[in-house]
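Undergrad: Just one file: model_33.txt, with compact mmCIF, C-alpha atoms.
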# COMPACT_ATOMS: atom_id res chain seq x y z
CA MET E 21 111.38 101.76 145.91
CA SER E 22 108.42 102.80 143.80
CA SER E 23 106.75 100.12 141.73
CA PRO E 24 105.64 100.42 138.10
CA GLN E 25 102.05 100.64 139.39
CA SER E 26 102.93 103.57 141.60
CA PRO E 27 105.22 105.87 139.62
CA THR E 28 107.44 108.38 141.34
CA ARG E 29 106.06 111.88 140.85
CA VAL E 30 108.65 114.35 139.56
CA ALA E 31 107.92 118.09 139.53
CA VAL E 32 110.25 120.37 137.57
CA LEU E 33 110.20 124.01 138.67
CA ALA E 34 110.75 126.38 135.75
CA LEU E 35 111.98 129.87 136.58
CA ASP E 36 112.57 132.96 134.49
CA GLY E 37 115.92 132.65 132.74
CA ALA E 38 115.65 128.86 132.43
CA TYR E 39 117.87 127.09 129.94
CA PRO E 40 115.54 125.02 127.71
CA PHE E 41 118.04 122.17 127.40
CA GLU E 42 118.42 121.66 131.15
CA LEU E 43 114.70 122.14 131.69
CA GLY E 44 113.98 119.18 129.42
CA ILE E 45 116.48 116.77 130.95
CA PRO E 46 114.23 115.32 133.69
CA SER E 47 111.45 114.47 131.25
CA ARG E 48 113.87 112.93 128.76
CA ILE E 49 115.57 110.71 131.35
CA PHE E 50 112.78 109.81 133.76
CA GLU E 51 110.21 109.08 131.07
CA ALA E 52 112.55 106.92 129.00
CA VAL E 53 110.87 103.87 130.54
CA GLU E 54 107.18 103.35 131.15
CA GLY E 55 105.68 103.28 134.60
CA LEU E 56 108.63 104.38 136.70
CA TYR E 57 108.15 108.14 136.88
CA THR E 58 105.72 110.84 135.86
CA VAL E 59 107.19 114.25 135.08
CA SER E 60 105.31 117.54 135.17
CA THR E 61 106.59 121.09 134.89
CA CYS E 62 105.36 124.04 136.91
CA SER E 63 106.16 127.69 137.55
CA ILE E 64 105.77 129.73 140.72
CA ASP E 65 102.49 131.24 139.46
CA GLY E 66 101.33 128.87 136.73
CA LYS E 67 102.21 131.41 134.05
CA PRO E 68 104.77 131.11 131.20
CA VAL E 69 108.39 131.75 132.06
CA ARG E 70 110.94 133.67 130.02
CA SER E 71 113.73 131.35 128.96
CA ALA E 72 117.40 132.15 128.48
CA ALA E 73 116.76 131.63 124.76
CA ASP E 74 114.65 133.83 122.52
CA PHE E 75 111.30 132.31 123.48
CA SER E 76 109.05 131.84 126.47
CA ILE E 77 107.94 128.50 127.86
CA ALA E 78 104.32 127.74 128.70
CA VAL E 79 103.76 125.37 131.61
CA GLU E 80 100.70 123.39 132.65
CA HIS E 81 100.90 123.76 136.42
CA GLY E 82 101.39 126.19 139.28
CA PRO E 83 103.27 125.74 142.56
CA GLU E 84 100.62 123.41 144.00
CA LEU E 85 102.37 120.64 142.03
CA LEU E 86 105.30 120.84 144.44
CA GLU E 87 103.18 119.72 147.40
CA THR E 88 102.67 116.16 146.15
CA ALA E 89 105.97 115.61 144.33
CA ASP E 90 108.29 112.81 145.39
CA ILE E 91 111.16 114.51 143.56
CA VAL E 92 111.47 118.24 142.86
CA VAL E 93 113.94 119.38 140.21
CA LEU E 94 115.24 122.96 140.30
CA SER E 95 116.45 123.60 136.78
CA ALA E 96 119.30 125.85 135.71
CA VAL E 97 118.88 129.55 135.03
CA HIS E 98 121.22 131.92 133.24
CA PRO E 99 123.65 133.45 135.77
CA GLU E 100 122.33 136.93 135.00
CA TRP E 101 118.86 135.77 136.10
CA ILE E 102 119.91 134.33 139.45
CA PRO E 103 118.05 136.41 142.03
CA GLY E 104 120.04 138.18 144.71
CA THR E 105 117.41 137.16 147.21
CA LEU E 106 114.41 134.91 146.85
CA SER E 107 111.23 136.80 146.12
CA LEU E 108 108.29 136.24 148.45
CA GLU E 109 106.44 134.42 145.68
CA LEU E 110 109.37 132.10 144.99
CA ARG E 111 109.97 131.48 148.69
CA GLN E 112 106.31 130.62 149.19
CA ALA E 113 106.43 128.24 146.25
CA LEU E 114 109.52 126.47 147.58
CA ALA E 115 107.90 126.21 151.01
CA ARG E 116 105.30 123.93 149.44
CA ILE E 117 107.92 121.21 148.91
CA GLY E 118 107.31 118.39 151.36
CA THR E 119 109.96 117.34 153.85
CA HIS E 120 109.79 113.84 152.35
CA SER E 121 110.67 115.04 148.85
CA ARG E 122 114.05 114.58 147.25
CA ILE E 123 115.34 117.79 145.68
CA VAL E 124 117.60 117.81 142.63
CA SER E 125 119.28 120.99 141.43
CA ILE E 126 120.78 121.21 137.96
CA CYS E 127 123.70 123.58 137.39
CA THR E 128 122.86 127.07 138.75
CA GLY E 129 119.68 125.71 140.28
CA ALA E 130 121.92 125.10 143.29
CA PHE E 131 121.82 128.85 143.97
CA ILE E 132 118.05 128.68 144.45
CA LEU E 133 118.32 125.63 146.70
CA ALA E 134 121.14 127.14 148.77
CA ALA E 135 119.20 130.38 149.23
CA THR E 136 116.52 128.43 151.11
CA GLY E 137 119.07 127.44 153.76
CA LEU E 138 118.42 123.75 153.17
CA LEU E 139 122.01 123.17 152.06
CA ASP E 140 123.59 124.76 155.14
CA GLY E 141 126.20 122.38 156.49
CA ARG E 142 125.76 120.05 153.53
CA ARG E 143 127.83 119.17 150.47
CA ALA E 144 126.83 120.51 147.05
CA THR E 145 128.13 121.45 143.63
CA THR E 146 127.31 123.78 140.76
CA HIS E 147 128.86 124.84 137.45
CA TRP E 148 132.58 125.41 137.82
CA ARG E 149 132.41 128.87 136.23
CA VAL E 150 130.19 130.21 139.02
CA ALA E 151 131.73 128.16 141.83
CA GLU E 152 133.62 131.04 143.44
CA HIS E 153 130.53 133.23 143.31
CA PHE E 154 128.54 130.44 144.97
CA ARG E 155 131.19 129.91 147.65
CA ALA E 156 131.30 133.63 148.47
CA ARG E 157 127.54 133.86 148.66
CA PHE E 158 126.92 130.62 150.58
CA PRO E 159 130.01 129.97 152.73
CA GLN E 160 127.95 127.70 154.97
CA VAL E 161 127.62 125.16 152.15
CA ALA E 162 130.46 122.67 151.61
CA LEU E 163 130.97 123.27 147.89
CA GLU E 164 132.69 120.55 145.84
CA PRO E 165 133.25 122.22 142.45
CA GLU E 166 135.36 119.44 140.97
CA VAL E 167 132.61 116.79 140.71
CA LEU E 168 129.69 116.19 138.33
CA PHE E 169 127.11 115.71 141.07
CA VAL E 170 126.87 115.44 144.84
CA GLU E 171 124.28 113.62 146.92
CA ASP E 172 123.84 114.58 150.57
CA GLY E 173 120.78 113.17 152.23
CA ARG E 174 117.68 114.01 150.19
CA PHE E 175 119.53 116.70 148.25
CA LEU E 176 121.27 116.04 144.95
CA SER E 177 123.08 118.88 143.18
CA SER E 178 124.73 118.66 139.79
CA ALA E 179 127.17 120.72 137.77
CA GLY E 180 126.71 122.34 134.38
CA ALA E 181 124.33 121.38 131.58
CA ALA E 182 124.81 117.68 130.70
CA SER E 183 125.69 116.76 134.29
CA GLY E 184 121.96 117.05 134.89
CA ILE E 185 121.74 113.88 132.82
CA ASP E 186 124.30 112.24 135.11
CA ALA E 187 122.31 113.26 138.18
CA CYS E 188 118.98 112.02 136.82
CA LEU E 189 120.56 108.72 135.79
CA HIS E 190 121.96 108.47 139.31
CA VAL E 191 118.42 108.78 140.67
CA VAL E 192 117.21 106.01 138.35
CA ARG E 193 120.20 103.87 139.32
CA SER E 194 119.54 104.44 143.03
CA ASP E 195 115.85 103.60 142.61
CA TYR E 196 116.01 100.67 140.19
CA GLY E 197 119.61 99.52 139.84
CA HIS E 198 122.26 99.47 137.13
CA ASP E 199 120.34 97.45 134.54
CA ILE E 200 117.40 99.85 134.32
CA ALA E 201 119.67 102.93 134.41
CA ASN E 202 121.74 101.43 131.60
CA GLN E 203 118.60 100.83 129.55
CA VAL E 204 117.63 104.46 130.01
CA ALA E 205 121.13 105.61 129.03
CA ARG E 206 121.08 103.48 125.88
CA ARG E 207 117.65 104.79 124.95
CA CYS E 208 118.89 108.39 125.28
CA VAL E 209 122.27 107.58 123.65
CA VAL E 210 124.30 108.87 126.61
CA PRO E 211 126.95 107.18 128.76
CA PRO E 212 125.37 105.45 131.78
CA PHE E 213 128.10 106.75 134.04
CA ARG E 214 130.87 109.32 133.57
CA ASP E 215 133.69 108.66 136.00
CA GLY E 216 135.42 112.01 135.71
CA GLY E 217 134.60 115.39 137.13
CA GLN E 218 134.30 119.04 136.23
CA ALA E 219 138.07 119.41 136.46
CA GLN E 220 138.40 117.73 133.09
CA PHE E 221 136.26 120.45 131.48
CA ILE E 222 137.79 123.50 133.12
CA GLU E 223 139.74 125.68 130.72
CA GLN E 224 143.35 124.54 130.72
CA PRO E 225 146.23 124.28 128.24
CA VAL E 226 145.89 121.56 125.62
CA PRO E 227 148.43 118.79 126.32
CA LYS E 228 151.25 118.34 123.87
CA PRO E 229 150.50 115.67 121.23
CA GLU E 230 153.49 113.60 122.21
CA GLN E 231 152.34 113.26 125.80
CA VAL E 232 151.11 109.80 126.73
CA GLY E 233 147.70 109.77 128.42
CA THR E 234 146.54 107.59 131.30
CA ALA E 235 143.58 105.98 129.47
CA PRO E 236 145.48 102.72 128.76
CA ALA E 237 146.10 102.33 132.49
CA ARG E 238 142.40 102.83 133.22
CA ASP E 239 141.43 100.26 130.61
CA TRP E 240 143.95 97.81 132.03
CA ALA E 241 142.79 98.42 135.61
CA LEU E 242 139.15 97.67 134.74
CA SER E 243 140.14 94.15 133.71
CA HIS E 244 142.30 93.65 136.80
CA LEU E 245 140.07 94.99 139.59
CA ASP E 246 140.42 91.71 141.47
CA GLU E 247 144.15 92.31 141.87
CA PRO E 248 145.99 94.59 144.30
CA LEU E 249 146.38 97.86 142.40
CA ASP E 250 148.41 100.82 143.55
CA LEU E 251 149.80 103.98 142.04
CA ASN E 252 153.11 102.36 141.12
CA THR E 253 151.39 99.52 139.28
CA LEU E 254 149.17 101.82 137.23
CA ALA E 255 152.05 104.15 136.42
CA ARG E 256 154.14 101.25 135.08
CA VAL E 257 151.38 100.34 132.60
CA VAL E 258 151.97 103.61 130.73
CA GLY E 259 155.65 104.00 131.57
CA MET E 260 155.36 107.02 133.84
CA SER E 261 156.70 107.88 137.25
CA PRO E 262 154.05 107.65 139.96
CA ARG E 263 154.16 111.41 140.50
CA THR E 264 153.70 112.22 136.80
CA PHE E 265 150.99 109.59 136.45
CA SER E 266 149.04 110.92 139.43
CA ARG E 267 149.21 114.47 138.13
CA ARG E 268 148.13 113.57 134.59
CA PHE E 269 145.45 111.17 135.78
CA THR E 270 143.82 113.83 137.95
CA ALA E 271 144.03 116.37 135.12
CA GLU E 272 142.37 113.97 132.67
CA VAL E 273 139.75 112.37 134.88
CA GLY E 274 139.07 115.00 137.52
CA ILE E 275 139.66 112.74 140.52
CA SER E 276 142.69 110.95 141.96
CA PRO E 277 143.66 107.42 140.87
CA GLY E 278 142.76 106.06 144.30
CA LYS E 279 139.31 107.57 144.29
CA TRP E 280 138.71 106.44 140.72
CA LEU E 281 139.64 102.85 141.63
CA LEU E 282 137.28 102.93 144.59
CA VAL E 283 134.43 104.14 142.37
CA GLN E 284 135.09 101.37 139.83
CA ARG E 285 135.25 98.68 142.50
CA VAL E 286 132.00 99.74 144.11
CA ALA E 287 130.32 99.96 140.70
CA GLN E 288 131.50 96.46 139.78
CA ALA E 289 130.29 95.20 143.16
CA GLN E 290 126.87 96.68 142.39
CA ARG E 291 126.73 94.79 139.10
CA LEU E 292 127.72 91.51 140.75
CA LEU E 293 125.19 91.97 143.53
CA GLU E 294 122.47 92.60 140.95
CA ASN E 295 123.32 89.85 138.49
CA SER E 296 125.03 87.03 140.40
CA THR E 297 124.50 84.88 143.47
CA LEU E 298 128.11 85.13 144.64
CA PRO E 299 128.46 85.34 148.44
CA ILE E 300 129.40 88.77 149.75
CA ASP E 301 132.96 87.68 150.55
CA ARG E 302 133.39 86.42 146.97
CA VAL E 303 132.04 89.68 145.60
CA ALA E 304 134.58 91.55 147.73
CA GLU E 305 137.36 89.34 146.40
CA ALA E 306 136.21 89.72 142.78
CA VAL E 307 136.37 93.52 142.89
CA GLY E 308 139.61 93.87 144.82
CA PHE E 309 138.55 94.51 148.40
CA ALA E 310 140.69 92.60 150.88
CA THR E 311 137.76 91.57 153.07
CA SER E 312 133.98 91.60 153.04
CA ALA E 313 134.18 94.12 155.88
CA SER E 314 136.15 96.47 153.63
CA LEU E 315 133.53 96.06 150.89
CA ARG E 316 130.74 96.84 153.36
CA GLN E 317 132.55 99.93 154.62
CA HIS E 318 133.19 101.44 151.19
CA PHE E 319 129.86 100.32 149.75
CA HIS E 320 127.92 101.91 152.59
CA ALA E 321 130.01 105.08 152.49
CA THR E 322 129.36 105.43 148.76
CA LEU E 323 125.72 104.35 148.46
CA GLY E 324 124.34 104.62 151.98
CA VAL E 325 123.28 100.95 152.12
CA THR E 326 124.99 97.65 152.86
CA PRO E 327 125.79 95.15 150.09
CA THR E 328 123.17 92.77 151.49
CA ALA E 329 120.47 95.44 151.53
CA TYR E 330 121.41 96.44 147.99
CA ARG E 331 121.13 92.85 146.75
CA ASN E 332 117.77 92.42 148.48
CA THR E 333 116.50 95.47 146.60
CA PHE E 334 118.10 95.02 143.19
CA GLY E 335 119.10 91.35 143.05
CA THR E 336 116.14 90.52 140.84
CA PRO E 337 115.65 93.43 138.45
CA PRO E 338 111.99 94.49 138.09
CA ASP E 339 110.19 93.43 134.93
CA ILE E 340 110.06 96.83 133.28
CA ASP E 341 109.78 97.35 129.54
CA LEU E 342 111.27 100.24 127.68
CA ALA E 343 108.77 102.74 126.39
CA SER E 344 107.92 102.41 122.73
CA PRO E 345 110.43 104.24 120.52
CA ALA E 346 109.73 107.94 120.28
CA LEU E 347 110.50 110.21 117.40
CA PRO E 348 113.62 112.37 117.83
CA GLY E 349 112.80 115.42 119.85
CA SER E 350 109.51 114.00 121.15
Starting from the file, lay out its structure as C-alpha cells.

TA:
Amino acid sequence: MSSPQSPTRVAVLALDGAYPFELGIPSRIFEAVEGLYTVSTCSIDGKPVRSAADFSIAVEHGPELLETADIVVLSAVHPEWIPGTLSLELRQALARIGTHSRIVSICTGAFILAATGLLDGRRATTHWRVAEHFRARFPQVALEPEVLFVEDGRFLSSAGAASGIDACLHVVRSDYGHDIANQVARRCVVPPFRDGGQAQFIEQPVPKPEQVGTAPARDWALSHLDEPLDLNTLARVVGMSPRTFSRRFTAEVGISPGKWLLVQRVAQAQRLLENSTLPIDRVAEAVGFATSASLRQHFHATLGVTPTAYRNTFGTPPDIDLASPALPGS
C-alpha cells in the first residue's frame, strides 16, 4: 500500500474521441484526498486530442508518462472513434506501460485494452450497448456485460460513464479501506458503493405502478445479516413467491439475491475488520457466515486476500486528511 509520503502515480491516457466527463473522473476521485495519488493526463504524442464534444483537450504530457505510472487509466471514447486496429503510434504508446502497472479501462476504453491482447482469457466488462460488438470482436475475453466493473489480476474494467466512478472508488477502497473510500465518496457527493449492475439500466419496460418492489426486503436483510437468510425468507418480507421475488430482484438490482447477499456480507465483514477487534470467528458470525472457514473462502474469493491480511492492512486506518474544499468544477 502506498503511503501519503509516496503517492500512487496515476496516468490517464486521452485519445481522440474522448468523452470529457469520463476523462475527468480519475482526477476527481483520486485527488479528493491529499497525498494518496497524483494524477496526470497524457496523449500518445503529447498533442491535444479531439474530444467527443465540440472542443479539443490540451494535455501536458506525452506517452513517456506511462512508463513510470503505477496505475494507467484508459478513458472512454465515442464508439464511432474506436479504432478497428491499433495504430503503430498507439501500440507503441501502450507498450510503454510497465508490467507492474495496474490498468483501468472506463467504458469503451476496454476496446483499447482488449486490442492489446492483455485481456485474453480474462474477465472484463464494457458499456452494455456495445457489449455484443465487443464480444464479437474479442471472443477470447470473458465478457461480463451485466456488472458495473470487473477486476481480474492487475486489470480493472468498468461499464458506461459513471461506473468509472465506481471503479476508481474500488481502487481507493482496495488501497486504503472503506473509511477513506467513503470519505472520497462523500466529498464527491456520490454513493460509496452501488450494489447493482448494468442490467438495471438496460432499456426495459417500466414496471406497473401497482407492482411491489424488492427494496424493503433488501433493507430488512441489511439489518439481519447475522441470521440465516434464504430466498424464501426474503420473498416473505414483501409477500411474493420465491420465483417472482427472484425475477424482480434480479431485474431491479442486476444480480441474483444470493450474490447480492454475499456482497453485503463481505462488505460488512470488511467494515468490522477495519473498525473492531472482534475475532475472525465472531466477525463471521456477525455477518452470517456459518464458520470462519466460510468467511475466509468468500472473502478471499471476493477480495483476493484473507480476513487476517485485510485487518493487518486496514485495521488502523491511515491518518489522512481530506483535501481543502475545492470550488465546484475545480

Undergrad: Rank nothing, just name the residue among E:Ile49, E:Thr333, E:Leu35, E:Ala241 nearest to Leu189 of chain E, using only C-alpha atoms.

TA: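 With only C-alpha atoms as the atom set, the closest residue is E:Ile49.
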
Undergrad: Name the closest residue to Gly184 of chain E among the candidates E:Arg316, E:Arg302, E:Arg214, E:Arg263; distances are taken between atoms, counting only C-alpha atoms.

TA: E:Arg214

Undergrad: Can you pull out every residue within 8 Å of segment 282-288 of chain E, counting only C-alpha atoms, but drop anything in the same chain fewer than 4 positions away, and send it as a list in words?

TA: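 With the cut-off at 8 Å, the set is Asp215, Leu242, Leu245, Gly278, Leu292, Val307, Gly308, Phe309, Leu315, His318, Phe319 and Thr322 of chain E.
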
Undergrad: One decimal, in Å: what's the spacing between atom CA of Leu133 of chain E and atom CA of Phe169 of chain E?

TA: 14.4 Å

Undergrad: What is the distance, in Å and to one decimal place, between atom CA of Trp148 of chain E and atom CA of Glu272 of chain E?

TA: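 Computed distance, atom CA of Trp148 of chain E to atom CA of Glu272 of chain E, equals 15.9 Å.
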
Undergrad: With all atoms listed in the file as the basis for distance, which of E:Pro27, E:Pro40, E:Gly104, E:Gly335 is at the shortest distance from Thr58 of chain E?

TA: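 Ranking E:Pro27, E:Pro40, E:Gly104, E:Gly335 by distance to Thr58 of chain E, first place goes to E:Pro27.
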
Undergrad: Box for segment 72-90 of chain E: with edges along x, y and z, all listed atoms inside and 6 Å added on each side, what are the centre and edge lengths in Å to one decimal, as AutoDock Vina command-line options?

TA:
--center_x 109.0 --center_y 123.3 --center_z 135.0 --size_x 28.8 --size_y 33.0 --size_z 36.9

Undergrad: Which of these, E:Glu80, E:Glu51, E:Glu42, E:Glu109, has the shortest distance to Ala182 of chain E once you count only C-alpha atoms?

TA: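 Of E:Glu80, E:Glu51, E:Glu42, E:Glu109, the one nearest Ala182 of chain E is E:Glu42, counting only C-alpha atoms.
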